[in-house]
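Okay, query-v3.txt now, which holds compact mmCIF, C-alpha atoms:
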```txt
# COMPACT_ATOMS: atom_id res chain seq x y z
CA MET B 13 0.00 0.00 0.00
CA ALA B 14 2.86 2.38 0.87
CA GLU B 15 4.43 1.65 -2.53
CA LEU B 16 1.19 2.61 -4.28
CA VAL B 17 0.99 5.89 -2.34
CA ALA B 18 4.66 6.65 -3.10
CA ARG B 19 4.12 5.96 -6.82
CA GLU B 20 1.02 8.18 -6.86
CA LYS B 21 2.96 10.97 -5.12
CA LYS B 22 5.81 10.64 -7.63
CA MET B 23 3.36 10.83 -10.56
CA GLN B 24 1.78 13.94 -9.06
CA GLU B 25 5.20 15.61 -8.65
CA THR B 26 6.11 14.77 -12.24
CA LYS B 27 2.83 16.21 -13.48
CA GLU B 28 3.32 19.40 -11.49
CA GLN B 29 6.88 19.75 -12.81
CA LYS B 30 5.68 19.37 -16.43
CA GLU B 31 2.99 21.99 -15.86
CA LYS B 32 5.52 24.38 -14.34
CA VAL B 33 7.95 23.92 -17.24
CA GLY B 34 5.10 24.36 -19.74
CA ALA B 35 4.03 27.60 -18.08
CA GLU B 36 7.61 28.93 -18.16
CA ARG B 37 7.92 28.05 -21.84
CA GLU B 38 4.66 29.83 -22.66
CA LYS B 39 5.81 32.89 -20.70
CA LEU B 40 9.07 33.02 -22.67
CA LEU B 41 7.25 32.71 -25.98
CA LYS B 42 4.80 35.48 -25.07
CA ARG B 43 7.65 37.72 -24.00
CA PHE B 44 9.93 37.28 -27.02
CA LEU B 45 7.49 36.71 -29.92
CA ASP B 46 5.46 39.57 -31.31
CA SER B 47 1.71 39.02 -31.51
CA GLU B 48 1.68 38.03 -35.20
CA ALA B 49 4.51 35.55 -34.71
CA LEU B 50 2.83 33.99 -31.68
CA THR B 51 -0.48 33.66 -33.53
CA TYR B 52 1.27 32.12 -36.54
CA LEU B 53 3.20 29.67 -34.36
CA GLU B 54 0.01 28.54 -32.62
CA SER B 55 -1.76 28.03 -35.96
CA LEU B 56 1.28 26.16 -37.32
CA LYS B 57 1.25 23.86 -34.29
CA THR B 58 -2.43 23.15 -35.00
CA ARG B 59 -1.97 22.60 -38.77
CA GLU B 60 1.33 20.73 -38.65
CA PRO B 61 2.13 19.72 -35.05
CA ALA B 62 5.54 18.17 -35.77
CA ILE B 63 6.86 21.23 -37.60
CA GLY B 64 5.20 23.70 -35.21
CA ASN B 65 6.68 21.99 -32.18
CA ARG B 66 10.11 21.87 -33.79
CA VAL B 67 9.94 25.60 -34.60
CA GLN B 68 8.93 26.28 -31.00
CA GLU B 69 11.82 24.18 -29.66
CA ILE B 70 14.30 26.07 -31.85
CA ILE B 71 12.95 29.44 -30.69
CA LEU B 72 13.15 28.38 -27.05
CA TYR B 73 16.69 27.06 -27.61
CA LEU B 74 17.73 30.42 -29.04
CA ILE B 75 16.20 32.28 -26.10
CA VAL B 76 17.40 30.01 -23.30
CA TYR B 77 20.78 28.72 -24.48
CA ARG B 78 21.93 31.33 -26.98
CA GLY B 79 20.73 34.34 -25.02
CA LEU B 80 18.60 35.84 -27.79
CA ARG B 81 16.95 38.90 -26.27
CA GLN B 82 15.23 40.53 -29.22
CA VAL B 83 11.61 40.27 -30.24
CA ILE B 84 11.08 37.54 -32.82
CA SER B 85 8.87 38.57 -35.73
CA LEU B 86 6.57 36.63 -38.02
CA ILE B 87 9.27 36.69 -40.70
CA ASP B 88 11.72 35.04 -38.30
CA VAL B 89 9.23 32.28 -37.45
CA ARG B 90 8.49 31.70 -41.14
CA TYR B 91 12.24 31.57 -41.84
CA ILE B 92 12.75 28.87 -39.20
CA GLU B 93 9.77 26.95 -40.58
CA ARG B 94 11.21 27.09 -44.11
CA GLN B 95 14.60 25.92 -42.89
CA ILE B 96 12.96 22.90 -41.24
CA THR B 97 10.80 22.00 -44.22
CA GLY B 98 13.60 22.65 -46.70
CA GLU B 99 11.52 25.17 -48.60
CA GLY B 100 13.66 27.85 -50.14
CA PRO B 101 12.74 31.48 -50.49
CA THR B 102 10.35 32.10 -53.33
CA ILE B 103 9.97 35.35 -55.22
CA LYS B 104 7.24 35.42 -57.83
CA VAL B 105 7.50 37.49 -61.02
CA HIS B 106 4.30 38.55 -62.76
CA ARG B 107 4.96 39.28 -66.41
CA ASP B 108 2.67 39.21 -69.46
CA GLY B 109 -0.16 37.75 -67.42
CA GLU B 110 1.99 34.84 -66.20
CA THR B 111 3.36 34.28 -62.72
CA SER B 112 6.64 32.43 -62.45
CA ASP B 113 9.26 31.73 -59.85
CA PHE B 114 12.01 34.35 -59.78
CA SER B 115 14.77 31.72 -59.69
CA SER B 116 13.58 30.18 -62.96
CA TYR B 117 13.27 33.69 -64.41
CA VAL B 118 16.91 34.40 -63.51
CA ARG B 119 18.07 30.98 -64.79
CA ASP B 120 16.39 31.66 -68.13
CA ALA B 121 18.03 35.10 -68.32
CA ILE B 122 21.46 33.61 -67.56
CA LYS B 123 20.93 30.87 -70.13
CA ASP B 124 19.83 33.39 -72.77
CA ASN B 125 22.79 35.62 -71.95
CA THR B 126 25.21 32.71 -72.20
CA ASN B 127 23.75 31.60 -75.54
CA GLU B 128 24.06 35.14 -76.91
CA SER B 129 27.71 35.35 -75.80
CA LYS B 130 28.58 32.08 -77.54
CA SER B 131 26.86 32.96 -80.80
CA GLY B 132 28.11 36.56 -80.88
```
Could you write out this file's structure as structure tokens?
Amino acid sequence: MAELVAREKKMQETKEQKEKVGAEREKLLKRFLDSEALTYLESLKTREPAIGNRVQEIILYLIVYRGLRQVISLIDVRYIERQITGEGPTIKVHRDGETSDFSSYVRDAIKDNTNESKSG
């Protein structure tokens, strides 16, 4: 019986510790993320929990272990998300009614320029 009580007490202490750590983490996020970034992070954690949680862990790591003391913006959160997912920056070019990726636009320009240099 004493073992059961001791185990129950240990579980309660563990639960309280997790709640305390969770509250501290939330407090840090609210302090160092601007409102847009916090809203975006919460929606990301709802849409894609694995990626959202990873982004949150990276932000907390930067704050706690790297001493980051500036406000983190929405752009910063999106940058971390893109680094995790492997998605590169995308710039769209709208020309002649068509929208294309800027990188392909530049590649085509370089290719055309190279072809002109060889033939000229």
Query raised in the report: Do you have the CA of Ile71 (chain B)-CA of Leu53 (chain B) distance handy?
Result: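 Between these atoms lies a distance of 10.4 Å.
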Using all atoms of region 48-61 of chain B that appear in the file, construct an axis-aligned enclosing box with 3 Å of padding on every side and provide its centre coordinates and edge lengths in Å, rounded to one decimal, as lines of an AutoDock Vina configuration file.
```
center_x = 1.0
center_y = 28.9
center_z = -35.2
size_x = 12.9
size_y = 24.3
size_z = 13.1
```
Report task. Calculate how many Å separate CA of Ile92 (chain B) from CA of Asp120 (chain B), rounding to one decimal. Result -> 29.3 Å
Query raised in the report: Could you pull the residues within 10 Å of Val89 (chain B), counting all atoms listed in the file, minus those fewer than 2 positions along the same chain, as a list of chain:residue names?
Result: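 Using all atoms listed in the file, the neighbours found are B:Leu45, B:Glu48, B:Ala49, B:Leu50, B:Tyr52, B:Leu53, B:Gly64, B:Val67, B:Gln68, B:Ile70, B:Ile71, B:Ile84, B:Ser85, B:Leu86, B:Ile87, B:Tyr91, B:Ile92, B:Glu93, B:Arg94, B:Gln95.
Nearest residue to Phe44 (chain B), choosing from B:Arg19, B:Arg107, B:Lys123, B:Arg81 and counting only C-alpha atoms: B:Arg81.
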Query - Å distance separating CA of Ile75 (chain B) from CA of Ser47 (chain B), one decimal place - result: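 These two atoms are separated by 16.9 Å.
Of the residues under consideration (B:Thr97, B:Gln82, B:Tyr77, B:Leu41), B:Thr97 shows the shortest atom-to-atom contact distance to Ile63 (chain B) when counting all atoms listed in the file.
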